[in-house]
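Data file: protein.csv. Format and content: CSV, C-alpha atoms.
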```csv
chain,number,residue,atom,x,y,z
A,171,MET,CA,159.0,90.6,35.8
A,172,ILE,CA,160.7,90.7,39.2
A,173,ALA,CA,158.1,88.1,40.6
A,174,LEU,CA,158.7,85.9,37.5
A,175,ALA,CA,162.5,86.0,38.0
A,176,ILE,CA,162.2,85.2,41.7
A,177,GLY,CA,159.8,82.4,40.9
A,178,ILE,CA,162.1,80.9,38.3
A,179,ALA,CA,165.1,81.2,40.8
A,180,PHE,CA,163.0,79.6,43.5
A,181,GLY,CA,161.9,76.7,41.3
A,182,PHE,CA,165.5,76.2,40.2
A,183,CYS,CA,166.7,76.0,43.8
A,184,LEU,CA,163.9,73.6,44.7
A,185,GLU,CA,164.8,71.3,41.8
A,186,ARG,CA,168.6,71.5,42.7
A,187,ALA,CA,167.7,70.6,46.3
A,188,GLY,CA,165.9,67.5,44.9
A,189,LEU,CA,162.5,68.7,46.0
A,190,GLY,CA,160.9,68.0,42.7
A,191,ASP,CA,161.0,64.3,43.6
A,192,SER,CA,157.8,63.1,45.4
A,193,ARG,CA,159.7,60.1,47.0
A,194,LYS,CA,162.2,62.5,48.5
A,195,LEU,CA,159.4,64.6,50.0
A,196,SER,CA,157.4,61.7,51.2
A,197,GLY,CA,160.6,60.5,53.0
A,198,GLN,CA,160.2,63.3,55.4
A,199,PHE,CA,156.9,61.9,56.7
A,200,TYR,CA,158.4,58.4,57.2
A,201,PHE,CA,161.6,59.9,58.8
A,202,THR,CA,163.8,58.4,56.1
A,203,ASP,CA,164.9,61.6,54.4
A,204,PHE,CA,165.1,65.0,56.2
A,205,THR,CA,165.9,67.1,53.1
A,206,VAL,CA,162.6,69.0,53.3
A,207,LEU,CA,163.1,69.9,56.9
A,208,LYS,CA,166.7,71.0,56.3
A,209,VAL,CA,165.8,73.1,53.2
A,210,MET,CA,162.8,74.7,54.9
A,211,PHE,CA,164.7,75.5,58.1
A,212,SER,CA,167.7,76.8,56.1
A,213,ALA,CA,165.3,79.2,54.3
A,214,ILE,CA,163.7,80.2,57.6
A,215,VAL,CA,167.1,80.9,59.2
A,216,THR,CA,168.3,82.8,56.2
A,217,ALA,CA,165.1,84.9,56.1
A,218,ALA,CA,165.1,85.5,59.9
A,219,LEU,CA,168.8,86.6,60.0
A,220,GLY,CA,168.6,88.4,56.7
A,221,ALA,CA,165.5,90.4,57.6
A,222,PHE,CA,166.8,91.2,61.1
A,223,TRP,CA,170.3,92.4,60.1
A,224,LEU,CA,169.2,94.2,57.0
A,225,ALA,CA,166.7,96.1,59.1
A,226,ARG,CA,169.2,96.7,61.9
A,227,LEU,CA,171.7,98.1,59.3
A,228,GLY,CA,169.0,100.4,57.9
A,229,VAL,CA,168.7,98.6,54.5
A,230,LEU,CA,165.2,97.1,55.0
A,231,ASP,CA,162.2,98.8,56.5
A,232,LEU,CA,160.4,96.1,58.5
A,233,ALA,CA,157.3,98.2,58.8
A,234,GLY,CA,156.9,97.7,55.0
A,235,VAL,CA,157.0,93.9,55.2
A,236,TYR,CA,153.6,92.4,54.8
A,237,VAL,CA,152.6,90.1,57.7
A,238,PRO,CA,149.6,87.8,56.8
A,239,GLU,CA,146.7,87.9,59.2
A,240,THR,CA,146.1,85.0,61.6
A,241,TYR,CA,142.8,83.1,61.6
A,242,LEU,CA,143.3,80.3,64.2
A,243,LEU,CA,140.8,77.7,63.4
A,244,PRO,CA,140.6,78.1,59.6
A,245,GLN,CA,144.4,78.0,59.3
A,246,LEU,CA,144.5,75.0,61.6
A,247,ALA,CA,142.0,73.2,59.4
A,248,GLY,CA,143.8,74.3,56.2
A,249,GLY,CA,147.1,73.2,57.6
A,250,LEU,CA,145.8,69.7,58.4
A,251,LEU,CA,144.2,69.5,54.9
A,252,PHE,CA,147.4,70.7,53.3
A,253,GLY,CA,149.5,68.2,55.3
A,254,ALA,CA,147.2,65.3,54.3
A,255,GLY,CA,147.5,66.3,50.6
A,256,PHE,CA,151.2,66.7,51.0
A,257,VAL,CA,151.6,63.1,52.4
A,258,ALA,CA,149.2,61.7,49.8
A,259,ALA,CA,150.7,63.4,46.8
A,260,GLY,CA,154.3,63.7,48.0
A,261,LEU,CA,154.4,67.2,46.7
A,262,CYS,CA,153.4,70.7,47.9
A,263,PRO,CA,152.2,73.6,45.6
A,264,GLY,CA,155.7,74.8,44.9
A,265,THR,CA,157.4,71.5,44.4
A,266,SER,CA,154.5,70.2,42.3
A,267,CYS,CA,155.1,73.1,39.8
A,268,VAL,CA,158.8,72.2,39.8
A,269,ALA,CA,158.0,68.5,39.2
A,270,ALA,CA,155.5,69.4,36.4
A,271,ALA,CA,158.0,71.8,34.8
A,272,SER,CA,160.7,69.1,34.8
A,273,GLY,CA,158.2,66.7,33.1
A,274,ARG,CA,157.1,64.5,35.9
A,275,GLY,CA,153.5,63.2,35.4
A,276,ASP,CA,152.7,63.1,39.2
A,277,GLY,CA,153.7,66.7,39.4
A,278,LEU,CA,151.3,67.7,36.6
A,279,MET,CA,148.5,65.8,38.2
A,280,VAL,CA,149.1,67.5,41.6
A,281,VAL,CA,149.1,70.9,39.8
A,282,LEU,CA,145.8,70.1,38.1
A,283,GLY,CA,144.3,68.8,41.4
A,284,MET,CA,145.5,72.0,43.1
A,285,PHE,CA,143.7,74.2,40.6
A,286,ALA,CA,140.6,72.0,40.8
A,287,GLY,CA,140.7,72.4,44.6
A,288,VAL,CA,141.0,76.2,44.3
A,289,ALA,CA,138.0,76.2,41.9
A,290,VAL,CA,135.8,74.0,44.2
A,291,THR,CA,136.7,76.2,47.2
A,292,GLY,CA,135.8,79.3,45.3
A,293,LEU,CA,132.4,77.9,44.2
A,294,ALA,CA,131.7,76.7,47.8
A,295,PHE,CA,133.0,79.9,49.4
A,296,ALA,CA,129.6,81.3,50.4
A,297,PRO,CA,128.8,78.7,53.0
A,298,LEU,CA,132.5,78.5,54.1
A,299,ARG,CA,132.8,82.3,54.5
A,300,HIS,CA,131.7,82.4,58.2
A,301,PHE,CA,134.3,79.8,59.2
A,302,TYR,CA,136.9,81.3,56.8
A,303,GLU,CA,136.7,84.6,58.7
A,304,SER,CA,136.4,83.2,62.2
A,305,THR,CA,138.9,83.4,65.1
A,306,ALA,CA,140.7,86.4,63.5
A,307,ARG,CA,143.8,87.5,65.5
A,308,GLY,CA,145.2,90.1,63.1
A,309,PRO,CA,148.9,90.1,61.9
A,310,LEU,CA,150.6,88.3,64.8
A,311,THR,CA,154.4,88.1,65.1
A,312,PHE,CA,156.3,86.1,67.8
A,313,PRO,CA,157.9,89.2,69.4
A,314,GLN,CA,154.4,90.6,69.9
A,315,LEU,CA,152.9,87.3,71.0
A,316,LEU,CA,155.6,86.4,73.4
A,317,HIS,CA,156.4,89.9,74.6
A,318,VAL,CA,160.1,89.4,73.9
A,319,PRO,CA,162.6,91.4,71.8
A,320,TYR,CA,162.9,90.6,68.1
A,321,GLY,CA,166.6,89.6,68.6
A,322,VAL,CA,165.6,86.9,71.1
A,323,VAL,CA,163.2,85.3,68.6
A,324,VAL,CA,165.9,85.4,65.9
A,325,PHE,CA,168.3,83.7,68.3
A,326,ALA,CA,165.7,81.1,69.3
A,327,VAL,CA,164.9,80.3,65.6
A,328,VAL,CA,168.7,79.9,64.8
A,329,ALA,CA,169.3,77.7,67.9
A,330,LEU,CA,166.3,75.5,67.2
A,331,ALA,CA,167.3,75.1,63.5
A,332,LEU,CA,170.9,74.2,64.4
A,333,ALA,CA,169.8,71.7,67.0
A,334,THR,CA,167.3,70.2,64.5
A,335,PHE,CA,169.9,69.9,61.8
A,336,ALA,CA,172.3,68.1,64.2
A,337,ALA,CA,169.5,65.7,65.4
A,338,ALA,CA,168.4,65.1,61.8
A,339,GLU,CA,171.9,64.2,60.6
A,340,ARG,CA,172.4,61.9,63.6
A,341,TRP,CA,169.1,60.2,62.8
A,342,GLU,CA,169.9,59.8,59.1
A,343,ARG,CA,173.4,58.3,59.9
A,344,ARG,CA,171.7,55.8,62.3
A,345,ALA,CA,169.1,54.9,59.7
B,137,MET,CA,181.2,74.1,54.3
B,138,ARG,CA,178.1,73.2,56.4
B,139,ARG,CA,180.1,73.7,59.6
B,140,ALA,CA,181.1,77.2,58.4
B,141,LEU,CA,177.5,78.1,57.5
B,142,ALA,CA,176.4,76.9,60.9
B,143,ILE,CA,179.0,79.0,62.6
B,144,VAL,CA,177.9,82.1,60.6
B,145,ALA,CA,174.2,81.5,61.5
B,146,ALA,CA,175.1,80.9,65.2
B,147,THR,CA,177.1,84.1,65.3
B,148,GLY,CA,174.4,86.1,63.6
B,149,GLY,CA,171.8,84.6,66.1
B,150,VAL,CA,173.9,85.4,69.2
B,151,LEU,CA,174.7,89.0,68.0
B,152,ALA,CA,171.0,89.5,67.3
B,153,LEU,CA,170.5,89.1,71.1
B,154,LEU,CA,172.7,92.1,71.7
B,155,ALA,CA,171.9,94.2,68.6
B,156,GLY,CA,168.7,95.9,69.9
B,157,SER,CA,165.6,96.5,67.9
B,158,PRO,CA,165.7,96.3,64.1
B,159,TYR,CA,163.0,98.9,63.9
B,160,PRO,CA,164.3,102.5,63.6
B,161,LEU,CA,161.8,103.6,66.2
B,162,ASP,CA,161.1,100.9,68.8
B,163,VAL,CA,157.5,101.6,69.4
B,164,GLN,CA,157.2,98.9,72.1
B,165,ARG,CA,160.0,100.5,74.1
B,166,LEU,CA,158.3,104.0,73.8
B,167,ALA,CA,154.9,102.5,74.8
B,168,THR,CA,156.5,100.9,77.8
B,169,ALA,CA,158.3,104.1,78.8
B,170,VAL,CA,154.9,106.0,78.5
B,171,ALA,CA,153.1,103.2,80.5
B,172,ARG,CA,155.7,103.4,83.3
B,173,GLU,CA,155.7,107.2,83.2
B,174,ASP,CA,159.4,107.3,82.4
B,175,ASP,CA,158.7,109.8,79.6
B,176,HIS,CA,158.1,112.9,81.8
B,177,VAL,CA,159.0,114.7,84.9
B,178,THR,CA,156.6,116.6,87.2
B,179,ALA,CA,157.2,120.3,88.1
B,180,VAL,CA,158.3,119.2,91.6
B,181,GLU,CA,160.8,116.7,90.2
B,182,LEU,CA,162.2,119.3,87.7
B,183,ALA,CA,162.5,121.8,90.5
B,184,ALA,CA,164.5,119.3,92.5
B,185,TRP,CA,166.8,118.7,89.6
B,186,LEU,CA,167.3,122.5,89.2
B,187,ARG,CA,167.8,123.0,92.9
B,188,GLY,CA,170.3,120.1,93.0
B,189,ARG,CA,172.1,121.5,89.9
B,190,LYS,CA,171.7,118.2,88.1
B,191,PRO,CA,174.8,117.8,85.8
B,192,GLY,CA,174.1,118.0,82.1
B,193,LEU,CA,170.5,119.2,82.6
B,194,ARG,CA,169.2,121.2,79.6
B,195,ILE,CA,165.7,122.6,79.6
B,196,ILE,CA,164.4,123.2,76.1
B,197,ASP,CA,161.3,125.5,75.9
B,198,LEU,CA,159.4,124.9,72.7
B,199,ARG,CA,157.0,127.8,73.0
B,200,THR,CA,157.2,131.0,70.8
B,201,PRO,CA,159.9,133.6,71.6
B,202,ALA,CA,157.1,136.0,72.8
B,203,GLU,CA,155.8,133.4,75.3
B,204,PHE,CA,159.4,132.6,76.3
B,205,ASN,CA,160.2,136.2,77.0
B,206,ASP,CA,157.1,136.6,79.0
B,207,PHE,CA,158.0,133.8,81.4
B,208,HIS,CA,160.4,130.9,81.3
B,209,LEU,CA,161.9,128.4,83.6
B,210,PRO,CA,165.4,129.0,85.1
B,211,ARG,CA,168.2,127.9,82.7
B,212,ALA,CA,165.6,127.3,79.9
B,213,GLU,CA,166.7,127.7,76.2
B,214,ASN,CA,164.1,128.7,73.6
B,215,VAL,CA,164.1,126.3,70.6
B,216,ALA,CA,161.3,126.2,68.0
B,217,ILE,CA,159.8,122.7,67.7
B,218,ASP,CA,160.7,122.5,64.0
B,219,ALA,CA,164.3,123.3,64.9
B,220,LEU,CA,164.4,120.6,67.6
B,221,PRO,CA,165.6,117.8,65.2
B,222,SER,CA,168.6,119.8,64.1
B,223,THR,CA,169.5,121.0,67.7
B,224,PRO,CA,172.7,119.3,68.8
B,225,PHE,CA,172.6,117.4,72.1
B,226,ARG,CA,175.4,115.4,73.8
B,227,SER,CA,174.7,111.9,74.9
B,228,ASP,CA,175.5,112.7,78.5
B,229,GLU,CA,172.9,115.5,78.7
B,230,THR,CA,169.5,115.2,80.3
B,231,ILE,CA,167.0,117.0,78.1
B,232,VAL,CA,163.7,118.2,79.5
B,233,LEU,CA,161.3,119.6,76.9
B,234,VAL,CA,158.8,122.2,78.0
B,235,SER,CA,155.8,123.6,76.2
B,236,ALA,CA,152.7,125.6,77.2
B,237,ALA,CA,150.6,122.6,78.4
B,238,GLY,CA,152.9,119.6,77.6
B,239,GLY,CA,151.4,118.6,74.2
B,240,HIS,CA,154.2,119.9,71.9
B,241,ALA,CA,156.8,118.7,74.5
B,242,ALA,CA,155.4,115.2,74.4
B,243,GLN,CA,155.6,115.2,70.6
B,244,GLY,CA,159.2,116.6,70.8
B,245,TRP,CA,160.0,113.6,73.1
B,246,VAL,CA,159.0,111.2,70.4
B,247,PHE,CA,161.1,113.1,67.8
B,248,LEU,CA,164.2,113.0,70.0
B,249,GLN,CA,163.6,109.3,70.8
B,250,ALA,CA,163.4,108.6,67.0
B,251,LEU,CA,166.7,110.5,66.6
B,252,GLY,CA,168.3,108.1,69.1
B,253,HIS,CA,168.4,110.4,72.2
B,254,ARG,CA,167.5,108.4,75.3
B,255,ASN,CA,167.9,110.8,78.2
B,256,VAL,CA,164.9,112.8,77.3
B,257,TYR,CA,161.8,113.9,79.3
B,258,PHE,CA,159.1,116.4,79.0
B,259,LEU,CA,157.6,118.5,81.7
B,260,ARG,CA,154.1,117.1,82.4
B,261,GLY,CA,151.5,119.8,82.1
B,262,GLY,CA,154.1,122.2,80.7
B,263,VAL,CA,154.4,125.8,81.9
B,264,GLN,CA,150.8,125.7,83.1
B,265,GLU,CA,151.6,123.0,85.6
B,266,TRP,CA,154.9,124.7,86.6
B,267,THR,CA,153.1,127.9,87.4
B,268,GLU,CA,150.4,126.1,89.3
B,269,ALA,CA,153.0,124.1,91.2
B,270,LEU,CA,154.9,127.4,92.0
B,271,LYS,CA,152.0,128.1,94.3
B,272,GLN,CA,152.9,125.0,96.3
B,273,PRO,CA,155.5,125.1,99.0
B,274,ALA,CA,157.5,122.3,97.4
B,275,ILE,CA,158.8,124.7,94.7
B,276,GLY,CA,158.4,128.2,96.2
B,277,ARG,CA,159.7,131.6,95.3
B,278,TYR,CA,163.3,130.4,94.6
B,279,PHE,CA,162.1,129.5,91.1
B,280,GLY,CA,160.2,132.7,90.5
B,281,GLY,CA,156.9,132.0,92.3
B,282,ALA,CA,154.9,134.9,93.5
B,283,ARG,CA,154.6,135.5,97.3
B,284,ARG,CA,151.3,134.3,98.5
B,285,ARG,CA,149.0,136.6,100.4
B,286,ASP,CA,149.5,134.6,103.5
B,287,GLY,CA,153.2,135.3,103.2
B,288,CYS,CA,154.4,131.8,102.3
```

What do you get writing this file as structure tokens?
Amino acid sequence: MIALAIGIAFGFCLERAGLGDSRKLSGQFYFTDFTVLKVMFSAIVTAALGAFWLARLGVLDLAGVYVPETYLLPQLAGGLLFGAGFVAAGLCPGTSCVAAASGRGDGLMVVLGMFAGVAVTGLAFAPLRHFYESTARGPLTFPQLLHVPYGVVVFAVVALALATFAAAERWERRA
Amino acid sequence: MRRALAIVAATGGVLALLAGSPYPLDVQRLATAVAREDDHVTAVELAAWLRGRKPGLRIIDLRTPAEFNDFHLPRAENVAIDALPSTPFRSDETIVLVSAAGGHAAQGWVFLQALGHRNVYFLRGGVQEWTEALKQPAIGRYFGGARRRDGC
């Protein structure tokens, strides 16, 4: 029930941000609309600051936060495939569900395509398994990887986000 | 509105630099302290602290009362390891934990670090190493060592 409520709230926020519109999302890749970048970076900054300060104040136990494992080559290949699909469809998994829920035909087709892709990958998993499990690096985090304190990474993320926001706004005004 | 949010985010980011670790127990800091051997003192170093009357030095002996009564270091206090978390320490005190061979004292070091005490050490090798070191001239009879047969 909690997951359903969070999912509905997430979808509502995506729709309100205009991310159910494939043209808006495609604009990111043609540098005509930076809404995706700003929404995503806002979410990252909110999560980074929220997780850090809630843990620092003793409200959140960071040791209980699941960190997905890193598989370098499979995730690189998956990222490229995901990006290609994102450009072609103009929607990602989350926004395609939002688009479909708000009655857009392209969103519905992307959702169907996504489930078809999941089914094909599942059927072809046996020969893919070796590659899927290759170059495992475990649950990596930036503080571990860079050997810097957590606070430095949070500061760097915030600084990068604010600089990117400023640059994107300037670019949009010029365009 | 956007400017206000940017200021809030920037303030949160800058303060994060100064706020320390968000983990209740900063395992990386403890591991670094262990790797640098900043977690313990040797018998000779502790003897020098005692001889120099180091201000705020507290030696906490975690062995049983019987072992403590049999022999203990000068100025040592006997505290059971399960009573260690509730033992009050001031922030300006230097705490040295002592056990029979160092194992319990090393565990006590982690407990006190988890409770936020920073000026904590344990005696490497415990009372065993202390009594061994007493036979060396660097510590000598001043700290309770037995006179050697050769008169030293």

Exercise. Restrict the distance test to all atoms listed in the file, flag each residue of chain A within 10 Å of chain B, and return the flagged residues as an MDAnalysis selection string.
Key: chainID A and resid 212 215:216 218:228 230:233 314 317 319:329 331:332 335

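Of the listed residues (A:Gly292, A:Ile178, A:Thr240, A:Asp203), A:Asp203 comes nearest to Arg340 of chain A; the distances count only C-alpha atoms.
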
Exercise. Would you work out the distance separating atom CA of Gln245 of chain A from atom CA of Gly308 of chain A, expressed in Å to one decimal?
Key: 12.7 Å

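Atom to atom, atom CA of Ala202 of chain B and atom CA of Asn214 of chain B stand 10.1 Å apart.
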
Exercise. Have a look at B:Ala140, B:Leu186, B:Ala219, B:Val163 and name the one nearest to Gln249 of chain B; count all atoms listed in the file.
Key: B:Val163

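Relative to atom CA of Trp341 of chain A, atom CA of Ala187 of chain A is found at 19.6 Å.
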
Practice problem: Please provide the set of residues having any atom within 10 Å of Arg226 of chain B, restricted to only C-alpha atoms, with same-chain residues fewer than 5 positions apart removed, written as a ChimeraX atom specification. | Solution: /B:192,231,253,255

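Look at Glu265 of chain B: the protein and nucleic acid residues within 9 Å of it, using all atoms listed in the file and passing over chain neighbours fewer than 6 places away, are Thr178, Ala179, Ala236, Ala237, Gly238 and Leu259 of chain B.
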
Which polymer residues, whether protein, DNA or RNA, lie within 12 Å of the coordinate (168.8, 116.6, 87.2) when you count all atoms listed in the file? List them as a PDB file with C-alpha atoms, keeping the file's coordinate frame, using the chain letters and numbers from the file.
```
ATOM      1  CA  VAL B 177     159.000 114.700  84.900  1.00  0.00           C
ATOM      2  CA  VAL B 180     158.300 119.200  91.600  1.00  0.00           C
ATOM      3  CA  GLU B 181     160.800 116.700  90.200  1.00  0.00           C
ATOM      4  CA  LEU B 182     162.200 119.300  87.700  1.00  0.00           C
ATOM      5  CA  ALA B 183     162.500 121.800  90.500  1.00  0.00           C
ATOM      6  CA  ALA B 184     164.500 119.300  92.500  1.00  0.00           C
ATOM      7  CA  TRP B 185     166.800 118.700  89.600  1.00  0.00           C
ATOM      8  CA  LEU B 186     167.300 122.500  89.200  1.00  0.00           C
ATOM      9  CA  ARG B 187     167.800 123.000  92.900  1.00  0.00           C
ATOM     10  CA  GLY B 188     170.300 120.100  93.000  1.00  0.00           C
ATOM     11  CA  ARG B 189     172.100 121.500  89.900  1.00  0.00           C
ATOM     12  CA  LYS B 190     171.700 118.200  88.100  1.00  0.00           C
ATOM     13  CA  PRO B 191     174.800 117.800  85.800  1.00  0.00           C
ATOM     14  CA  GLY B 192     174.100 118.000  82.100  1.00  0.00           C
ATOM     15  CA  LEU B 193     170.500 119.200  82.600  1.00  0.00           C
ATOM     16  CA  ARG B 194     169.200 121.200  79.600  1.00  0.00           C
ATOM     17  CA  ILE B 195     165.700 122.600  79.600  1.00  0.00           C
ATOM     18  CA  ASP B 228     175.500 112.700  78.500  1.00  0.00           C
ATOM     19  CA  GLU B 229     172.900 115.500  78.700  1.00  0.00           C
ATOM     20  CA  THR B 230     169.500 115.200  80.300  1.00  0.00           C
ATOM     21  CA  ILE B 231     167.000 117.000  78.100  1.00  0.00           C
ATOM     22  CA  VAL B 232     163.700 118.200  79.500  1.00  0.00           C
ATOM     23  CA  ASN B 255     167.900 110.800  78.200  1.00  0.00           C
ATOM     24  CA  VAL B 256     164.900 112.800  77.300  1.00  0.00           C
ATOM     25  CA  TYR B 257     161.800 113.900  79.300  1.00  0.00           C
TER      26      TYR B 257
END
```

Practice problem: Rank nothing, just name the residue among B:Ser227, B:Leu209, B:Leu233, B:Val246 nearest to Ile196 of chain B, using all atoms listed in the file. | Solution: B:Leu233

Quiz item: Of the residues B:Ala242, B:Leu248, B:Ala169, B:Ala212, which is the one nearest to Pro224 of chain B, using all atoms listed in the file?
Solution: B:Leu248

Quiz item: Skipping near chain neighbours, those fewer than 2 positions away, what residues fall within 12 Å of Gly255 of chain A using all atoms listed in the file, listed as an MDAnalysis selection string?
Solution: chainID A and resid 192 196 248:253 257:263 266 280:281 283:284 287

Write a file for segment 189-269 of chain B of the given structure; include C-alpha atoms and format it as a PDB file, in the first residue's frame.
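Resulting contents of selection.pdb:
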```pdb
ATOM      1  CA  ARG B 189      51.541  12.644  35.182  1.00  0.00           C
ATOM      2  CA  LYS B 190      49.606  13.230  31.962  1.00  0.00           C
ATOM      3  CA  PRO B 191      46.623  15.472  32.826  1.00  0.00           C
ATOM      4  CA  GLY B 192      43.200  13.826  32.627  1.00  0.00           C
ATOM      5  CA  LEU B 193      44.604  10.306  32.251  1.00  0.00           C
ATOM      6  CA  ARG B 194      42.193   7.554  33.338  1.00  0.00           C
ATOM      7  CA  ILE B 195      43.211   3.931  33.220  1.00  0.00           C
ATOM      8  CA  ILE B 196      40.208   1.626  33.120  1.00  0.00           C
ATOM      9  CA  ASP B 197      40.899  -2.008  33.941  1.00  0.00           C
ATOM     10  CA  LEU B 198      38.222  -4.272  32.458  1.00  0.00           C
ATOM     11  CA  ARG B 199      39.320  -7.490  34.163  1.00  0.00           C
ATOM     12  CA  THR B 200      37.472  -9.203  37.017  1.00  0.00           C
ATOM     13  CA  PRO B 201      37.749  -7.723  40.547  1.00  0.00           C
ATOM     14  CA  ALA B 202      39.808 -10.765  41.594  1.00  0.00           C
ATOM     15  CA  GLU B 203      42.312 -10.224  38.778  1.00  0.00           C
ATOM     16  CA  PHE B 204      42.358  -6.507  39.528  1.00  0.00           C
ATOM     17  CA  ASN B 205      43.052  -7.091  43.236  1.00  0.00           C
ATOM     18  CA  ASP B 206      45.818  -9.524  42.362  1.00  0.00           C
ATOM     19  CA  PHE B 207      47.654  -6.923  40.289  1.00  0.00           C
ATOM     20  CA  HIS B 208      46.759  -3.661  38.601  1.00  0.00           C
ATOM     21  CA  LEU B 209      48.477  -0.726  37.000  1.00  0.00           C
ATOM     22  CA  PRO B 210      49.048   2.429  39.055  1.00  0.00           C
ATOM     23  CA  ARG B 211      45.964   4.747  39.129  1.00  0.00           C
ATOM     24  CA  ALA B 212      43.833   2.066  37.435  1.00  0.00           C
ATOM     25  CA  GLU B 213      40.083   1.842  38.122  1.00  0.00           C
ATOM     26  CA  ASN B 214      38.253  -1.467  37.884  1.00  0.00           C
ATOM     27  CA  VAL B 215      35.174  -1.297  35.627  1.00  0.00           C
ATOM     28  CA  ALA B 216      33.336  -4.348  34.253  1.00  0.00           C
ATOM     29  CA  ILE B 217      33.112  -4.290  30.451  1.00  0.00           C
ATOM     30  CA  ASP B 218      29.297  -4.354  30.540  1.00  0.00           C
ATOM     31  CA  ALA B 219      29.374  -1.292  32.820  1.00  0.00           C
ATOM     32  CA  LEU B 220      31.700   0.598  30.460  1.00  0.00           C
ATOM     33  CA  PRO B 221      28.912   2.204  28.350  1.00  0.00           C
ATOM     34  CA  SER B 222      27.323   3.725  31.455  1.00  0.00           C
ATOM     35  CA  THR B 223      30.612   4.926  32.976  1.00  0.00           C
ATOM     36  CA  PRO B 224      30.806   8.734  32.798  1.00  0.00           C
ATOM     37  CA  PHE B 225      33.867  10.219  31.091  1.00  0.00           C
ATOM     38  CA  ARG B 226      34.651  13.869  30.534  1.00  0.00           C
ATOM     39  CA  SER B 227      35.622  15.023  27.051  1.00  0.00           C
ATOM     40  CA  ASP B 228      38.992  16.335  28.304  1.00  0.00           C
ATOM     41  CA  GLU B 229      40.005  12.957  29.762  1.00  0.00           C
ATOM     42  CA  THR B 230      42.376  10.531  28.075  1.00  0.00           C
ATOM     43  CA  ILE B 231      41.020   7.035  28.588  1.00  0.00           C
ATOM     44  CA  VAL B 232      43.241   3.969  28.425  1.00  0.00           C
ATOM     45  CA  LEU B 233      41.454   0.635  28.547  1.00  0.00           C
ATOM     46  CA  VAL B 234      43.270  -2.362  29.958  1.00  0.00           C
ATOM     47  CA  SER B 235      42.389  -6.058  29.897  1.00  0.00           C
ATOM     48  CA  ALA B 236      44.274  -9.303  30.411  1.00  0.00           C
ATOM     49  CA  ALA B 237      45.680  -9.580  26.873  1.00  0.00           C
ATOM     50  CA  GLY B 238      44.126  -6.595  25.082  1.00  0.00           C
ATOM     51  CA  GLY B 239      41.115  -8.271  23.445  1.00  0.00           C
ATOM     52  CA  HIS B 240      38.381  -6.947  25.729  1.00  0.00           C
ATOM     53  CA  ALA B 241      40.077  -3.557  25.860  1.00  0.00           C
ATOM     54  CA  ALA B 242      40.062  -3.340  22.036  1.00  0.00           C
ATOM     55  CA  GLN B 243      36.336  -4.160  22.051  1.00  0.00           C
ATOM     56  CA  GLY B 244      35.795  -1.519  24.740  1.00  0.00           C
ATOM     57  CA  TRP B 245      37.630   0.984  22.485  1.00  0.00           C
ATOM     58  CA  VAL B 246      34.995   0.395  19.780  1.00  0.00           C
ATOM     59  CA  PHE B 247      32.164   0.762  22.330  1.00  0.00           C
ATOM     60  CA  LEU B 248      33.486   4.106  23.575  1.00  0.00           C
ATOM     61  CA  GLN B 249      34.113   5.338  20.010  1.00  0.00           C
ATOM     62  CA  ALA B 250      30.497   4.446  19.188  1.00  0.00           C
ATOM     63  CA  LEU B 251      29.404   6.501  22.194  1.00  0.00           C
ATOM     64  CA  GLY B 252      31.301   9.504  20.842  1.00  0.00           C
ATOM     65  CA  HIS B 253      34.441   9.387  23.014  1.00  0.00           C
ATOM     66  CA  ARG B 254      37.457  10.294  20.898  1.00  0.00           C
ATOM     67  CA  ASN B 255      40.371  10.370  23.326  1.00  0.00           C
ATOM     68  CA  VAL B 256      40.374   6.625  23.929  1.00  0.00           C
ATOM     69  CA  TYR B 257      43.171   4.066  23.660  1.00  0.00           C
ATOM     70  CA  PHE B 258      43.705   0.512  24.792  1.00  0.00           C
ATOM     71  CA  LEU B 259      46.867  -0.987  26.199  1.00  0.00           C
ATOM     72  CA  ARG B 260      48.286  -3.226  23.487  1.00  0.00           C
ATOM     73  CA  GLY B 261      48.901  -6.690  24.835  1.00  0.00           C
ATOM     74  CA  GLY B 262      47.100  -5.816  28.084  1.00  0.00           C
ATOM     75  CA  VAL B 263      48.439  -6.635  31.515  1.00  0.00           C
ATOM     76  CA  GLN B 264      50.458  -9.475  29.961  1.00  0.00           C
ATOM     77  CA  GLU B 265      52.514  -7.048  27.871  1.00  0.00           C
ATOM     78  CA  TRP B 266      52.757  -4.622  30.791  1.00  0.00           C
ATOM     79  CA  THR B 267      54.244  -7.253  33.087  1.00  0.00           C
ATOM     80  CA  GLU B 268      56.572  -8.404  30.296  1.00  0.00           C
ATOM     81  CA  ALA B 269      57.631  -4.814  29.702  1.00  0.00           C
TER      82      ALA B 269
END
```
